[in-house]
>>> print(open('protein33.txt').read())   # compact mmCIF, C-alpha atoms
# COMPACT_ATOMS: atom_id res chain seq x y z
CA MET X 1 9.37 -40.78 135.62
CA LEU X 2 8.89 -38.91 132.32
CA ILE X 3 7.90 -42.13 130.58
CA LYS X 4 5.30 -42.91 133.23
CA THR X 5 3.83 -39.40 133.05
CA GLY X 6 3.59 -39.57 129.24
CA LEU X 7 1.82 -42.94 129.43
CA ILE X 8 -0.78 -41.56 131.81
CA VAL X 9 -1.47 -38.59 129.52
CA LEU X 10 -1.86 -40.90 126.51
CA LEU X 11 -4.34 -43.15 128.31
CA THR X 12 -6.32 -40.11 129.43
CA VAL X 13 -6.62 -38.86 125.83
CA LEU X 14 -7.66 -42.24 124.50
CA PHE X 15 -10.25 -42.67 127.23
CA SER X 16 -11.76 -39.25 126.49
CA ARG X 17 -12.16 -40.18 122.77
CA ALA X 18 -13.76 -43.58 123.42
CA VAL X 19 -17.25 -44.24 122.06
CA GLU X 20 -19.95 -45.09 124.53
CA PRO X 21 -21.52 -48.57 124.26
CA GLY X 22 -24.51 -48.68 121.86
CA LYS X 23 -23.10 -45.88 119.69
CA ARG X 24 -21.17 -46.12 116.44
CA LYS X 25 -18.83 -43.50 115.08
CA ALA X 26 -19.67 -42.01 111.71
CA SER X 27 -16.00 -42.11 110.80
CA ASN X 28 -12.74 -43.23 112.33
CA LEU X 29 -10.63 -40.85 110.30
CA PRO X 30 -8.58 -38.76 112.77
CA TYR X 31 -8.52 -35.66 110.60
CA LEU X 32 -12.33 -35.16 110.62
CA ASP X 33 -13.11 -32.48 113.17
CA SER X 34 -16.91 -32.79 113.02
CA PRO X 35 -18.87 -34.03 116.09
CA GLU X 36 -19.60 -37.70 116.28
CA LEU X 37 -23.03 -38.86 115.02
CA GLU X 38 -25.16 -41.40 116.80
CA LEU X 39 -26.19 -44.20 114.42
CA PRO X 40 -28.73 -46.94 115.22
CA ASP X 41 -27.19 -50.15 116.43
CA THR X 42 -28.24 -52.88 113.91
CA GLY X 43 -26.35 -55.63 115.68
CA GLN X 44 -24.12 -56.09 112.62
CA ARG X 45 -20.50 -55.17 112.24
CA GLU X 46 -19.52 -53.24 109.12
CA SER X 47 -17.55 -56.23 107.91
CA ASP X 48 -20.72 -58.36 107.97
CA THR X 49 -22.29 -56.55 105.00
CA ALA X 50 -19.28 -55.04 103.28
CA GLY X 51 -19.20 -55.72 99.53
CA ILE X 52 -22.70 -57.28 99.39
CA VAL X 53 -25.05 -55.85 96.74
CA VAL X 54 -28.66 -57.01 96.77
CA VAL X 55 -30.35 -56.76 93.33
CA GLN X 56 -34.12 -56.72 93.40
CA PRO X 57 -36.03 -58.12 90.34
CA ASP X 58 -37.45 -55.48 88.03
CA THR X 59 -41.17 -56.17 88.10
CA SER X 60 -41.90 -53.24 85.81
CA VAL X 61 -40.83 -55.22 82.69
CA ASP X 62 -43.66 -57.03 80.90
CA ASP X 63 -42.25 -60.40 79.85
CA SER X 64 -45.21 -60.97 77.51
CA VAL X 65 -43.74 -58.36 75.15
CA TYR X 66 -40.87 -60.74 74.40
CA SER X 67 -42.91 -63.97 74.24
CA ASP X 68 -43.20 -66.01 71.05
CA PRO X 69 -46.86 -66.22 69.98
CA GLY X 70 -46.04 -69.22 67.79
CA LYS X 71 -44.08 -71.30 70.28
CA ASP X 72 -46.61 -74.16 70.04
CA ARG X 73 -46.71 -74.26 66.22
CA LEU X 74 -45.27 -77.24 64.35
CA LYS X 75 -42.37 -76.89 61.95
CA ALA X 76 -43.43 -77.03 58.31
CA PRO X 77 -41.77 -79.95 56.47
CA GLU X 78 -39.11 -78.87 54.02
CA LEU X 79 -39.95 -79.16 50.34
CA THR X 80 -37.87 -78.58 47.24
CA LEU X 81 -39.57 -78.47 43.84
CA PRO X 82 -38.76 -77.07 40.39
CA ASP X 83 -40.43 -73.84 39.41
CA ILE X 84 -42.08 -73.25 36.05
CA THR X 85 -38.66 -72.55 34.48
CA GLY X 86 -37.10 -75.71 35.91
CA GLU X 87 -35.09 -74.02 38.69
CA PRO X 88 -35.32 -75.74 42.11
CA HIS X 89 -36.96 -73.78 44.90
CA SER X 90 -36.97 -74.75 48.58
CA LEU X 91 -39.34 -73.61 51.30
CA SER X 92 -36.37 -72.70 53.49
CA THR X 93 -35.37 -70.13 50.86
CA ASP X 94 -38.24 -67.99 52.14
CA SER X 95 -37.19 -68.14 55.81
CA GLY X 96 -38.05 -64.87 57.55
CA LYS X 97 -41.13 -64.36 55.37
CA VAL X 98 -44.78 -65.25 55.80
CA VAL X 99 -45.51 -67.98 53.23
CA VAL X 100 -48.82 -69.16 51.83
CA ALA X 101 -48.27 -72.56 50.21
CA VAL X 102 -51.24 -73.40 47.99
CA PHE X 103 -51.78 -76.89 46.54
CA TRP X 104 -53.90 -76.72 43.40
CA ALA X 105 -54.38 -77.95 39.82
CA PRO X 106 -55.59 -76.30 36.59
CA TRP X 107 -58.52 -78.72 36.31
CA CYS X 108 -59.81 -77.71 39.79
CA GLY X 109 -62.63 -75.13 39.49
CA PRO X 110 -62.38 -73.70 43.07
CA CYS X 111 -58.61 -73.47 42.60
CA ARG X 112 -59.02 -71.30 39.53
CA LYS X 113 -61.52 -69.05 41.33
CA GLU X 114 -59.07 -68.55 44.19
CA ILE X 115 -56.16 -67.36 42.02
CA PRO X 116 -57.32 -63.73 41.50
CA TYR X 117 -57.57 -63.26 45.27
CA LEU X 118 -54.13 -64.77 45.82
CA VAL X 119 -52.73 -62.39 43.21
CA GLU X 120 -54.37 -59.46 45.00
CA LEU X 121 -52.97 -60.53 48.38
CA TYR X 122 -49.52 -61.06 46.91
CA ASN X 123 -49.47 -57.65 45.21
CA THR X 124 -50.63 -55.97 48.44
CA TYR X 125 -48.33 -57.63 50.97
CA ASN X 126 -45.29 -58.88 49.04
CA THR X 127 -43.25 -55.79 49.87
CA GLN X 128 -44.07 -56.34 53.56
CA GLY X 129 -42.70 -59.89 53.57
CA LEU X 130 -45.35 -62.16 52.04
CA GLU X 131 -44.49 -64.99 49.64
CA VAL X 132 -46.97 -67.23 47.86
CA LEU X 133 -45.92 -70.67 46.62
CA SER X 134 -48.35 -72.15 44.10
CA ILE X 135 -47.76 -75.92 44.07
CA GLY X 136 -49.31 -77.41 40.94
CA LEU X 137 -50.42 -81.05 41.16
CA ASP X 138 -50.49 -81.78 37.43
CA ARG X 139 -48.24 -82.47 34.47
CA ARG X 140 -45.77 -79.78 33.49
CA ILE X 141 -47.36 -79.22 30.06
CA ASN X 142 -50.76 -78.51 31.63
CA LEU X 143 -49.32 -76.10 34.18
CA GLU X 144 -47.23 -74.29 31.59
CA ARG X 145 -50.26 -73.91 29.32
CA PHE X 146 -52.38 -72.49 32.15
CA VAL X 147 -49.70 -70.03 33.35
CA SER X 148 -49.07 -68.81 29.80
CA LYS X 149 -52.74 -67.85 29.50
CA ASN X 150 -53.11 -66.64 33.11
CA PRO X 151 -49.96 -64.82 34.24
CA ILE X 152 -49.24 -65.39 37.94
CA PRO X 153 -46.82 -62.98 39.69
CA TYR X 154 -45.85 -65.32 42.52
CA THR X 155 -43.79 -68.53 42.39
CA VAL X 156 -45.36 -71.54 40.66
CA LEU X 157 -43.85 -74.92 41.57
CA LEU X 158 -44.36 -78.27 39.83
CA ASP X 159 -45.27 -81.38 41.81
CA GLU X 160 -46.02 -83.86 39.05
CA ASP X 161 -45.68 -86.93 41.28
CA ALA X 162 -47.53 -85.31 44.24
CA SER X 163 -44.59 -86.00 46.56
CA SER X 164 -45.00 -82.75 48.52
CA ALA X 165 -48.76 -83.25 48.64
CA GLU X 166 -48.11 -86.60 50.28
CA THR X 167 -45.70 -84.99 52.77
CA TYR X 168 -48.35 -82.46 53.76
CA HIS X 169 -51.16 -85.06 53.74
CA VAL X 170 -53.17 -83.22 51.09
CA SER X 171 -56.42 -85.08 50.43
CA ALA X 172 -58.40 -82.27 48.75
CA ILE X 173 -57.63 -79.05 46.91
CA PRO X 174 -57.29 -76.16 47.05
CA ARG X 175 -55.32 -76.52 50.26
CA SER X 176 -53.68 -73.42 51.73
CA ILE X 177 -51.03 -73.72 54.43
CA VAL X 178 -49.97 -70.46 56.06
CA ILE X 179 -46.44 -70.52 57.44
CA ASP X 180 -44.96 -67.95 59.83
CA LYS X 181 -41.56 -66.21 59.65
CA LYS X 182 -39.88 -69.05 61.55
CA GLY X 183 -41.11 -71.70 59.11
CA ARG X 184 -43.91 -73.02 61.33
CA ILE X 185 -47.46 -73.87 60.29
CA ALA X 186 -49.78 -71.21 61.71
CA PHE X 187 -53.00 -71.85 59.74
CA ASP X 188 -54.29 -74.61 57.48
CA HIS X 189 -57.31 -74.39 55.18
CA THR X 190 -58.94 -76.79 52.73
CA GLY X 191 -61.42 -75.60 50.10
CA TYR X 192 -62.45 -72.17 48.89
CA SER X 193 -65.41 -69.87 49.44
CA PRO X 194 -66.00 -66.23 48.43
CA ASP X 195 -65.25 -65.06 52.00
CA SER X 196 -62.27 -67.30 52.68
CA HIS X 197 -59.77 -64.80 51.26
CA LYS X 198 -60.87 -62.25 53.91
CA GLN X 199 -59.92 -64.66 56.67
CA LEU X 200 -56.67 -65.47 54.90
CA GLU X 201 -55.84 -61.77 54.66
CA GLN X 202 -56.36 -61.27 58.40
CA GLU X 203 -54.09 -64.22 59.13
CA ILE X 204 -51.40 -62.79 56.87
CA ILE X 205 -51.62 -59.39 58.59
CA THR X 206 -51.32 -61.05 62.00
CA LEU X 207 -48.24 -63.07 61.05
CA LEU X 208 -46.53 -60.13 59.34
CA ALA X 209 -46.89 -58.12 62.56
CA GLU X 210 -45.38 -60.81 64.79
CA GLU X 211 -41.94 -60.11 66.29
CA TYR X 212 -39.80 -62.72 68.01
>>> encode(input="protein33.txt", output="structure tokens")
Amino acid sequence: MLIKTGLIVLLTVLFSRAVEPGKRKASNLPYLDSPELELPDTGQRESDTAGIVVVQPDTSVDDSVYSDPGKDRLKAPELTLPDITGEPHSLSTDSGKVVVAVFWAPWCGPCRKEIPYLVELYNTYNTQGLEVLSIGLDRRINLERFVSKNPIPYTVLLDEDASSAETYHVSAIPRSIVIDKKGRIAFDHTGYSPDSHKQLEQEIITLLAEEY
């Protein structure tokens, strides 16, 4: 009899604490004494979405900031030539710098006129990451004689057999090839005019400012 009475009391308590259909309890912890809150019925059980984190793409980031402006440029062919002292110098040695590779010869009038402007550009931008490679297409003795009379602060390379000129398809001089920090050809010029160094300077400034 006592067992039956206790069972009835227990069922009565449980029934009084039941949640009406269409309502969800805010908590099923028995020690919370706050009134129950009515929450909207979403048709989903808590277990349906438990542990799922939805990450929305961040559209506030401008991908163009991280783009490579030179992604379509062609890789400059490697070249290794002796400098005026006989030490070998490779184009890859200047990786990470903006390089102006100039094909020229002492007997070329426009080439000689261009040198003072190249010296000016080199002195202005060398500390910012500019390198100039002067590739002489003549015999060593002629190049040495010219450099001894006309000091050049940048690197002078000797190409007596015109092998690098052939690699770069040089058909006329002066020929200036402007190479970016990743060793890619960004600009290519043949000939010289009084205003050409202004354009070259703007190209150098642009390439020095590029970040990848």
>>> closest_atom_pairs(input="protein33.txt", of="segment 159-182 of chain X", to="segment 129-140 of chain X", cutoff="7 Å", atoms="only C-alpha atoms", output="tab-separated table")
residue	atom	partner	partner_atom	distance
X:Asp159	CA	X:Leu137	CA	5.2
X:Glu160	CA	X:Asp138	CA	5.2
X:Ala162	CA	X:Leu137	CA	6.0
>>> atom_distance(input="protein33.txt", atom1="atom CA of Tyr122 of chain X", atom2="atom CA of Val156 of chain X")
12.9 Å
>>> atom_distance(input="protein33.txt", atom1="atom CA of Gln202 of chain X", atom2="atom CA of Thr155 of chain X")
21.6 Å
>>> axis_aligned_box(input="protein33.txt", around="segment 107-118 of chain X", padding_each_side="5 Å", output="lines of an AutoDock Vina configuration file")
center_x = -58.4
center_y = -71.0
center_z = 41.1
size_x = 18.5
size_y = 25.5
size_z = 19.5
>>> residues_around(input="protein33.txt", residues="Arg184 of chain X", least_positions_apart="6", cutoff="7 Å", atoms="all atoms listed in the file", output="PyMOL selection string")
chain X and resi 73-76
>>> atom_distance(input="protein33.txt", atom1="atom CA of Ile179 of chain X", atom2="atom CA of Val99 of chain X")
5.0 Å
>>> residues_around(input="protein33.txt", residues="Ile177 of chain X", least_positions_apart="4", cutoff="9 Å", atoms="only C-alpha atoms", output="list in words")
Val99, Val100, Ala101, Val102, Phe103, Ile185, Ala186, Phe187, Asp188, His189 and Thr190 of chain X
>>> residues_around(input="protein33.txt", residues="segment 204-210 of chain X", least_positions_apart="4", cutoff="8 Å", atoms="all atoms listed in the file", output="short mmCIF file (atom, residue, chain, number, x, y, z; two decimals) with C-alpha atoms, in the coordinates of the input")
data_model
loop_
_atom_site.label_atom_id
_atom_site.label_comp_id
_atom_site.auth_asym_id
_atom_site.auth_seq_id
_atom_site.Cartn_x
_atom_site.Cartn_y
_atom_site.Cartn_z
CA PRO X 69 -46.86 -66.22 69.98
CA LYS X 97 -41.13 -64.36 55.37
CA VAL X 98 -44.78 -65.25 55.80
CA GLN X 128 -44.07 -56.34 53.56
CA GLY X 129 -42.70 -59.89 53.57
CA LEU X 130 -45.35 -62.16 52.04
CA VAL X 178 -49.97 -70.46 56.06
CA ASP X 180 -44.96 -67.95 59.83
CA LYS X 181 -41.56 -66.21 59.65
CA LEU X 200 -56.67 -65.47 54.90
#
>>> residues_around(input="protein33.txt", residues="Leu118 of chain X", least_positions_apart="3", cutoff="9 Å", atoms="all atoms listed in the file", output="MDAnalysis selection string")
chainID X and resid 114:115 121:123 132 154 197
>>> closest_residue(input="protein33.txt", among="X:Pro106, X:Gly183, X:Pro77, X:Pro194", to="Lys149 of chain X", atoms="all atoms listed in the file")
X:Pro106
>>> closest_residue(input="protein33.txt", among="X:Asp83, X:Leu158, X:Gln199, X:Pro116", to="Asn142 of chain X", atoms="all atoms listed in the file")
X:Leu158
